[in-house]
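Just protein-v5.txt here, compact mmCIF, C-alpha atoms:
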```txt
# COMPACT_ATOMS: atom_id res chain seq x y z
CA MET A 322 6.68 24.58 -79.73
CA SER A 323 10.45 24.40 -80.07
CA PRO A 324 11.78 22.81 -83.22
CA ALA A 325 11.83 19.08 -82.55
CA PRO A 326 15.38 17.83 -81.92
CA ALA A 327 15.20 15.58 -84.99
CA ARG A 328 14.22 18.56 -87.14
CA LEU A 329 16.86 20.82 -85.64
CA LEU A 330 19.64 18.20 -85.88
CA ASP A 331 19.48 15.20 -88.22
CA ILE A 332 23.16 14.51 -88.78
CA ASP A 333 24.16 12.64 -91.91
CA THR A 334 27.67 14.08 -92.47
CA ILE A 335 30.50 14.55 -89.98
CA TYR A 336 33.74 16.33 -90.85
CA LEU A 337 36.45 15.41 -88.36
CA GLU A 338 40.07 16.17 -87.67
CA PRO A 339 42.42 13.15 -87.54
CA ALA A 340 42.87 13.33 -83.74
CA VAL A 341 39.16 13.26 -82.91
CA GLU A 342 38.87 9.51 -82.37
CA ALA A 343 41.72 9.59 -79.83
CA HIS A 344 39.41 11.48 -77.44
CA PRO A 345 36.59 9.82 -75.48
CA ARG A 346 34.25 12.69 -76.35
CA GLY A 347 35.01 12.22 -80.04
CA ARG A 348 34.19 8.53 -79.84
CA GLU A 349 31.01 9.34 -77.89
CA ILE A 350 29.77 11.73 -80.57
CA LEU A 351 30.61 9.39 -83.43
CA ALA A 352 28.76 6.57 -81.66
CA ARG A 353 25.72 8.81 -81.28
CA PHE A 354 25.51 9.24 -85.07
CA PRO A 355 26.61 5.82 -86.37
CA GLN A 356 24.97 6.22 -89.79
CA ALA A 357 26.64 9.54 -90.58
CA ARG A 358 29.17 9.72 -93.41
CA ARG A 359 32.62 10.60 -92.03
CA ILE A 360 34.98 12.90 -93.93
CA GLU A 361 38.44 13.49 -92.48
CA VAL A 362 39.78 17.05 -92.83
CA PRO A 363 43.13 18.51 -91.80
CA SER A 364 41.49 21.32 -89.81
CA HIS A 365 38.00 22.20 -88.68
CA TRP A 366 38.66 25.66 -90.14
CA ASN A 367 39.53 24.35 -93.61
CA ILE A 368 36.52 22.61 -95.17
CA PRO A 369 36.04 23.80 -98.78
CA GLU A 370 32.66 22.05 -99.08
CA LEU A 371 31.20 24.42 -96.49
CA HIS A 372 32.26 27.56 -98.33
CA GLY A 373 30.21 29.26 -100.99
CA ASN A 374 26.86 28.43 -99.38
CA ALA A 375 25.76 32.03 -99.03
CA GLY A 376 23.21 31.94 -101.80
CA SER A 377 20.17 30.03 -100.59
CA VAL A 378 18.38 29.58 -97.32
CA GLU A 379 17.53 26.02 -98.29
CA ASP A 380 21.22 25.17 -98.37
CA TRP A 381 21.83 26.95 -95.07
CA VAL A 382 19.12 25.03 -93.27
CA ARG A 383 20.15 21.71 -94.82
CA ILE A 384 23.76 22.17 -93.77
CA LYS A 385 22.86 23.32 -90.27
CA ARG A 386 20.54 20.36 -89.75
CA SER A 387 22.61 17.63 -91.35
CA THR A 388 26.27 18.56 -90.84
CA LEU A 389 28.50 18.35 -87.78
CA VAL A 390 32.18 19.28 -87.52
CA LEU A 391 34.47 17.74 -84.89
CA GLY A 392 37.79 19.25 -83.94
CA VAL A 393 40.35 19.69 -81.19
CA LYS A 394 40.42 23.10 -79.51
CA LYS A 395 43.92 24.57 -79.73
CA GLY A 396 43.75 27.77 -77.68
CA LEU A 397 42.63 27.17 -74.09
CA THR A 398 42.93 30.72 -72.79
CA SER A 399 40.21 32.47 -70.78
CA ARG A 400 39.92 36.06 -72.01
CA PRO A 401 38.87 39.03 -69.85
CA ASN A 402 35.42 40.37 -70.66
CA GLY A 403 34.01 42.66 -67.97
CA ARG A 404 30.58 43.11 -69.53
CA SER A 405 28.30 40.08 -69.48
CA ALA A 406 30.95 37.96 -67.72
CA HIS A 407 34.31 38.43 -66.07
CA PHE A 408 35.94 36.02 -68.52
CA ILE A 409 35.20 34.28 -71.82
CA ALA A 410 36.08 30.62 -71.30
CA PRO A 411 37.71 28.55 -74.05
CA SER A 412 34.79 27.40 -76.19
CA SER A 413 33.57 23.83 -76.29
CA SER A 414 31.94 24.63 -79.65
CA ASN A 415 31.29 27.21 -82.32
CA GLY A 416 28.59 27.57 -84.91
CA CYS A 417 24.91 26.80 -84.49
CA ALA A 418 22.00 24.78 -85.85
CA MET A 419 19.78 27.85 -85.74
CA ALA A 420 19.84 30.61 -88.36
CA CYS A 421 19.17 34.01 -86.77
CA ALA A 422 19.43 36.68 -89.46
CA TYR A 423 21.57 39.03 -87.32
CA CYS A 424 24.05 36.43 -86.05
CA TYR A 425 27.64 37.66 -85.83
CA VAL A 426 29.21 34.19 -85.53
CA PRO A 427 29.40 33.11 -89.24
CA ARG A 428 33.03 33.26 -90.25
CA ARG A 429 35.26 30.89 -92.17
CA LYS A 430 32.91 27.90 -92.49
CA GLY A 431 30.55 29.69 -94.83
CA TYR A 432 27.50 31.54 -93.61
CA ALA A 433 25.68 28.28 -92.85
CA ASN A 434 28.34 27.73 -90.14
CA PRO A 435 27.08 24.42 -88.70
CA ILE A 436 27.97 23.28 -85.21
CA THR A 437 31.62 22.48 -84.53
CA LEU A 438 32.13 20.49 -81.35
CA PHE A 439 35.54 20.34 -79.71
CA VAL A 440 36.28 16.91 -78.35
CA ASN A 441 39.06 17.78 -75.87
CA THR A 442 36.56 18.94 -73.28
CA ASP A 443 38.62 17.42 -70.49
CA GLY A 444 41.48 19.76 -71.40
CA ILE A 445 39.08 22.69 -71.67
CA GLY A 446 37.77 21.90 -68.20
CA ARG A 447 41.26 21.67 -66.70
CA ALA A 448 42.19 25.02 -68.25
CA ILE A 449 39.10 26.70 -66.79
CA ARG A 450 39.72 25.19 -63.37
CA ARG A 451 43.36 26.39 -63.36
CA HIS A 452 42.35 29.86 -64.42
CA ALA A 453 39.67 30.13 -61.76
CA ALA A 454 42.05 28.88 -59.07
CA ALA A 455 44.49 31.65 -59.96
CA GLN A 456 41.83 34.34 -59.38
CA GLY A 457 41.11 33.74 -55.72
CA PRO A 458 37.80 35.01 -54.34
CA LEU A 459 35.82 37.77 -56.07
CA PRO A 460 37.12 40.95 -54.39
CA ALA A 461 33.71 42.63 -54.15
CA PRO A 462 30.22 42.39 -55.67
CA ASP A 463 30.00 44.01 -59.11
CA GLN A 464 27.59 44.37 -62.02
CA ILE A 465 28.36 40.84 -63.16
CA ASP A 466 27.83 38.93 -59.92
CA ASP A 467 27.68 39.35 -56.17
CA ARG A 468 29.83 36.35 -55.18
CA PHE A 469 31.54 34.58 -58.06
CA PHE A 470 33.74 35.12 -61.08
CA VAL A 471 31.51 34.45 -64.08
CA TYR A 472 32.78 32.58 -67.15
CA ASP A 473 30.82 32.76 -70.40
CA ILE A 474 31.02 29.22 -71.76
CA GLY A 475 28.89 29.77 -74.88
CA GLU A 476 30.28 32.78 -76.70
CA ASN A 477 30.13 31.31 -80.22
CA GLY A 478 27.15 29.00 -80.20
CA ASP A 479 24.06 27.83 -78.31
CA LEU A 480 24.86 25.22 -75.69
CA SER A 481 21.24 24.12 -75.32
CA VAL A 482 21.47 22.85 -78.90
CA ASP A 483 24.98 21.43 -78.44
CA ALA A 484 23.54 19.27 -75.65
CA LEU A 485 21.49 17.41 -78.27
CA ALA A 486 24.72 16.08 -79.75
CA CYS A 487 26.96 15.27 -76.77
CA ASP A 488 27.46 15.54 -73.01
CA SER A 489 29.92 18.43 -73.05
CA VAL A 490 27.38 20.86 -71.59
CA ARG A 491 26.48 18.46 -68.80
CA ASP A 492 30.19 18.15 -67.99
CA LEU A 493 30.69 21.92 -67.95
CA VAL A 494 27.76 22.42 -65.59
CA ALA A 495 29.25 19.76 -63.30
CA LEU A 496 32.68 21.42 -63.54
CA PHE A 497 31.42 24.78 -62.27
CA ARG A 498 29.33 23.13 -59.59
CA ASN A 499 32.64 22.14 -58.02
CA ILE A 500 34.69 25.32 -58.59
CA PRO A 501 34.29 27.30 -55.36
CA ASN A 502 34.83 30.82 -56.71
CA ALA A 503 33.27 30.69 -60.18
CA LYS A 504 30.04 30.13 -62.07
CA ALA A 505 29.22 29.46 -65.71
CA SER A 506 26.98 31.53 -67.94
CA PHE A 507 25.54 31.11 -71.41
CA ALA A 508 22.75 32.59 -73.52
CA THR A 509 20.21 30.46 -75.35
CA LYS A 510 17.28 30.69 -77.74
CA PHE A 511 16.36 27.01 -77.53
CA VAL A 512 14.46 25.29 -74.73
CA ASN A 513 16.10 21.92 -74.07
CA PRO A 514 14.42 20.16 -71.12
CA ASP A 515 17.35 17.72 -70.86
CA LEU A 516 19.30 20.49 -69.09
CA LEU A 517 16.86 20.33 -66.17
CA ALA A 518 18.59 17.15 -64.98
CA TYR A 519 22.10 18.65 -64.84
CA ALA A 520 21.94 19.77 -61.17
CA PRO A 521 23.78 23.13 -61.46
CA GLU A 522 23.18 23.98 -57.77
CA GLY A 523 23.17 27.71 -58.50
CA LYS A 524 26.54 27.69 -60.27
CA THR A 525 25.30 28.10 -63.86
CA ARG A 526 23.49 31.18 -65.15
CA ILE A 527 21.34 30.58 -68.18
CA ARG A 528 20.26 33.69 -70.08
CA PHE A 529 17.14 33.29 -72.18
CA SER A 530 17.28 35.70 -75.10
CA LEU A 531 13.95 37.50 -75.52
CA MET A 532 12.49 39.92 -78.06
CA PRO A 533 8.98 40.79 -79.31
CA GLU A 534 7.43 37.73 -80.89
CA ARG A 535 6.32 39.33 -84.16
CA ILE A 536 9.90 40.44 -84.84
CA ALA A 537 11.35 37.12 -83.71
CA ARG A 538 9.21 35.35 -86.29
CA VAL A 539 11.18 37.22 -88.96
CA VAL A 540 14.74 37.26 -87.59
CA ASP A 541 15.00 34.38 -85.05
CA VAL A 542 15.02 31.50 -87.52
CA ARG A 543 14.70 27.90 -86.18
CA THR A 544 14.51 28.95 -82.52
CA SER A 545 12.04 28.33 -79.69
CA PRO A 546 9.06 30.72 -79.62
CA MET A 547 9.11 33.49 -77.00
CA ALA A 548 6.18 32.00 -75.09
CA GLU A 549 8.06 28.73 -74.73
CA ARG A 550 11.24 30.45 -73.54
CA ILE A 551 9.28 32.42 -70.92
CA ALA A 552 7.34 29.33 -69.84
CA ALA A 553 10.62 27.46 -69.24
CA ILE A 554 12.04 30.00 -66.78
CA ASP A 555 10.29 28.71 -63.64
CA ALA A 556 11.33 25.13 -64.39
CA PHE A 557 14.97 26.11 -64.84
CA VAL A 558 14.97 28.11 -61.61
CA ALA A 559 13.45 25.14 -59.79
CA ALA A 560 16.17 22.91 -61.29
CA GLY A 561 18.89 25.05 -59.70
CA TYR A 562 19.85 27.46 -62.46
CA GLU A 563 20.16 31.17 -62.04
CA VAL A 564 17.97 32.45 -64.88
CA HIS A 565 18.38 35.90 -66.38
CA ALA A 566 16.96 37.54 -69.50
CA ASN A 567 18.88 38.79 -72.50
CA PHE A 568 16.80 41.51 -74.13
CA SER A 569 18.72 41.07 -77.33
CA PRO A 570 19.01 42.31 -79.91
CA VAL A 571 16.90 45.42 -79.47
CA ILE A 572 15.85 46.35 -83.02
CA LEU A 573 14.38 49.79 -83.63
CA TYR A 574 11.32 50.21 -85.85
CA GLU A 575 7.97 51.97 -85.77
CA GLY A 576 6.10 50.66 -82.73
CA TRP A 577 9.05 49.01 -80.97
CA GLU A 578 8.17 50.43 -77.56
CA GLU A 579 4.68 48.97 -77.45
CA ASP A 580 5.96 45.59 -78.64
CA TRP A 581 8.54 45.54 -75.85
CA ARG A 582 5.90 46.64 -73.33
CA ALA A 583 3.82 43.62 -74.34
CA LEU A 584 6.85 41.35 -73.95
CA PHE A 585 7.65 42.69 -70.48
CA ARG A 586 4.05 42.11 -69.43
CA ALA A 587 4.11 38.57 -70.80
CA LEU A 588 7.34 37.90 -68.92
CA ASP A 589 5.92 39.31 -65.69
CA ALA A 590 2.77 37.21 -66.03
CA GLY A 591 4.67 34.08 -67.05
CA ILE A 592 7.02 33.63 -64.09
CA GLY A 593 6.52 32.91 -60.41
CA PRO A 594 7.92 34.58 -57.28
CA ALA A 595 11.14 32.55 -57.14
CA ALA A 596 12.09 33.40 -60.71
CA ARG A 597 11.07 37.04 -60.30
CA ALA A 598 13.16 37.44 -57.15
CA GLN A 599 16.40 36.52 -58.94
CA LEU A 600 15.66 37.94 -62.39
CA LYS A 601 18.14 40.36 -63.92
CA ALA A 602 18.70 41.37 -67.49
CA GLU A 603 21.14 42.41 -70.17
CA ILE A 604 20.11 44.88 -72.85
CA ILE A 605 21.97 44.70 -76.15
CA PHE A 606 21.04 46.91 -79.08
CA LEU A 607 21.51 45.53 -82.57
CA THR A 608 24.88 45.62 -84.29
CA HIS A 609 24.68 44.61 -87.95
CA ASN A 610 27.36 43.83 -90.52
CA ALA A 611 27.75 44.92 -94.13
CA ALA A 612 28.89 41.52 -95.39
CA LEU A 613 26.03 39.73 -93.63
CA HIS A 614 23.60 42.31 -95.05
CA ASP A 615 24.72 41.42 -98.58
CA VAL A 616 24.23 37.71 -97.89
CA ASN A 617 20.84 38.20 -96.25
CA LEU A 618 19.54 40.12 -99.25
CA ARG A 619 19.93 36.91 -101.25
CA TRP A 620 17.82 34.73 -98.96
CA HIS A 621 15.96 36.81 -96.38
CA PRO A 622 15.36 40.40 -97.54
CA LYS A 623 12.38 40.74 -95.20
CA ALA A 624 14.78 40.53 -92.25
CA GLU A 625 17.01 43.19 -93.78
CA ALA A 626 14.12 45.64 -93.85
CA LEU A 627 14.34 45.51 -90.04
CA LEU A 628 18.09 45.12 -89.58
CA TRP A 629 19.59 47.48 -92.18
CA ARG A 630 18.63 51.06 -91.33
CA PRO A 631 21.36 53.45 -92.53
CA ASP A 632 18.98 56.33 -91.81
CA ILE A 633 19.39 55.71 -88.05
CA GLN A 634 22.65 53.72 -88.04
CA GLU A 635 26.30 54.65 -88.46
CA THR A 636 29.30 52.68 -89.65
CA LYS A 637 31.93 51.53 -87.21
CA ARG A 638 34.96 49.45 -88.15
CA SER A 639 35.34 46.43 -85.87
CA GLU A 640 38.61 45.27 -84.31
CA GLY A 641 38.68 42.54 -86.94
CA GLY A 642 38.37 45.09 -89.75
CA MET A 643 34.73 44.39 -90.60
CA GLU A 644 32.26 47.15 -91.44
CA ASN A 645 29.56 47.15 -88.78
CA LEU A 646 26.46 49.29 -88.43
CA ARG A 647 25.27 50.44 -85.01
CA TYR A 648 22.57 52.86 -84.01
CA ARG A 649 23.87 56.41 -84.10
CA THR A 650 25.82 57.69 -81.12
CA GLY A 651 23.75 60.11 -79.10
CA TRP A 652 20.45 58.83 -80.43
CA LYS A 653 21.26 55.34 -79.18
CA GLY A 654 21.73 56.71 -75.66
CA ARG A 655 18.27 58.26 -75.79
CA TRP A 656 16.67 55.07 -77.07
CA LEU A 657 18.45 53.03 -74.40
CA ALA A 658 17.16 55.41 -71.72
CA ARG A 659 13.63 54.97 -73.07
CA PHE A 660 14.06 51.20 -73.05
CA LYS A 661 15.26 51.20 -69.44
CA ALA A 662 12.41 53.46 -68.36
CA LEU A 663 9.89 51.15 -70.00
CA LEU A 664 11.45 48.12 -68.30
CA ALA A 665 11.41 49.87 -64.91
CA GLU A 666 7.74 50.72 -65.42
CA GLU A 667 6.64 47.22 -66.36
CA LEU A 668 9.16 45.04 -64.48
CA PRO A 669 10.52 47.17 -61.62
CA ALA A 670 12.07 44.17 -59.84
CA CYS A 671 14.23 43.30 -62.87
CA GLY A 672 17.64 44.94 -62.48
CA VAL A 673 19.86 45.69 -65.46
CA ARG A 674 23.29 44.09 -65.18
CA TYR A 675 24.63 45.30 -68.49
CA ALA A 676 23.42 47.50 -71.34
CA PHE A 677 25.10 48.18 -74.66
```
Let me see the file written as structure tokens.
Amino acid sequence: MSPAPARLLDIDTIYLEPAVEAHPRGREILARFPQARRIEVPSHWNIPELHGNAGSVEDWVRIKRSTLVLGVKKGLTSRPNGRSAHFIAPSSSNGCAMACAYCYVPRRKGYANPITLFVNTDGIGRAIRRHAAAQGPLPAPDQIDDRFFVYDIGENGDLSVDALACDSVRDLVALFRNIPNAKASFATKFVNPDLLAYAPEGKTRIRFSLMPERIARVVDVRTSPMAERIAAIDAFVAAGYEVHANFSPVILYEGWEEDWRALFRALDAGIGPAARAQLKAEIIFLTHNAALHDVNLRWHPKAEALLWRPDIQETKRSEGGMENLRYRTGWKGRWLARFKALLAEELPACGVRYAF
């Protein structure tokens, strides 16, 4: 079963910027957690108490479960993407209550990086609507979508978990329901049945991230089990969502092909005709990070045995100057071809929208 909401989020401390209470969403969130201690901070990026927590998993999990940060989103620009989505929408949140060992999101709030919710969601919505209006109709079907411009609304967090804390996700689903030329998209590793009542009417794509269960037990910390994610697909399709799969991250190890074959068969057996008819997938091979590797060695070395493979990886400097490890050029192309062939064999109806 998924982690119970009370176990995933049990907020006792809220850090908030001074302007938060001027926003209805800020007041809504504060009212939802009336017993939480409130600590005012000048910026959601500048919270010294959240730094230096890289040493113990116990501290990570405690912070993720018990701490919430509230801020006002400053930049409201939609950025071009062209891979999973046409645009990355201004985020309604960043950070997460889950603790996946490979997560790229941890940045300046320490590696625990609890959820930050932005309370100016009305302004975020207006910015998205203006941007979509300026695009006009989608010129032609492409790898991203046949009819609509797609906006990723969950780049830096998991909106299914955010929905436990406020109604921002409900509002975003409603926003895109009424934008004629655009749809929303976000990936998730948490099954939140509350989203079934949001009435997306085909204008929100939810991407359930899937990987072999025995590997997920090691690296997908505090997330819904694979069987539960697969079992939810039919219900989300029936509720009006477009449901795709994120085969992500693909981690290479001895026996990976047979594990993925078993997952594809479980997915095929676990969904009905309606879900199968609209199913498409993204394939994303693992990218790891040297700084995260060093942190993980201090709390989760078992995960690093899977994630850190310099024998088959190569270093690549990111745009932000970080040292990343990716599977070696040339070899990665061969492994990706093998992955696609396996998918085509086991799930021939599942098209690949994007592979990296």
Enter the distance from atom CA of Ala590 of chain A to atom CA of Met419 of chain A, in Å, rounded to one decimal.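 So the answer is 27.7 Å.
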Mind pulling up the distance from atom CA of Ile465 of chain A to atom CA of Arg649 of chain A?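 Calculated distance between atom CA of Arg649 of chain A and atom CA of Ile465 of chain A is 26.5 Å.
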Could you tell me how far atom CA of Leu588 of chain A lies from atom CA of Glu667 of chain A, in Å and to one decimal?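 Rounded to one decimal, the two atoms are 9.7 Å apart.
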Excluding segment 433-440 of chain A and its own-chain neighbours fewer than 5 positions away, which residues fall within 9 Å of it when counting all atoms listed in the file? Please give them as an NGL selection string. :A and (341-342 or 344-348 or 350 or 365 or 371-372 or 374-375 or 378 or 380-394 or 412-420 or 426-428 or 478 or 483 or 486-487 or 489)
What's the 12 Å shell around segment 397-399 of chain A, counting all atoms listed in the file, without same-chain residues fewer than 5 positions away, as a ChimeraX atom specification? /A:406-413,439,441-453,455-456,470-474,476
Is there a way to get, as a PyMOL selection string, all residues within 8 Å of the point (23.5, 47.6, -80.4) in file coordinates, counting all atoms listed in the file? chain A and resi 570-571+605-608+647-648+677
Counting all atoms listed in the file, figure out which residue out of A:Thr525, A:Asp488, A:Val542, A:Ala595 gets nearest to Val558 of chain A.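 The answer is A:Ala595, which sits nearest to Val558 of chain A.
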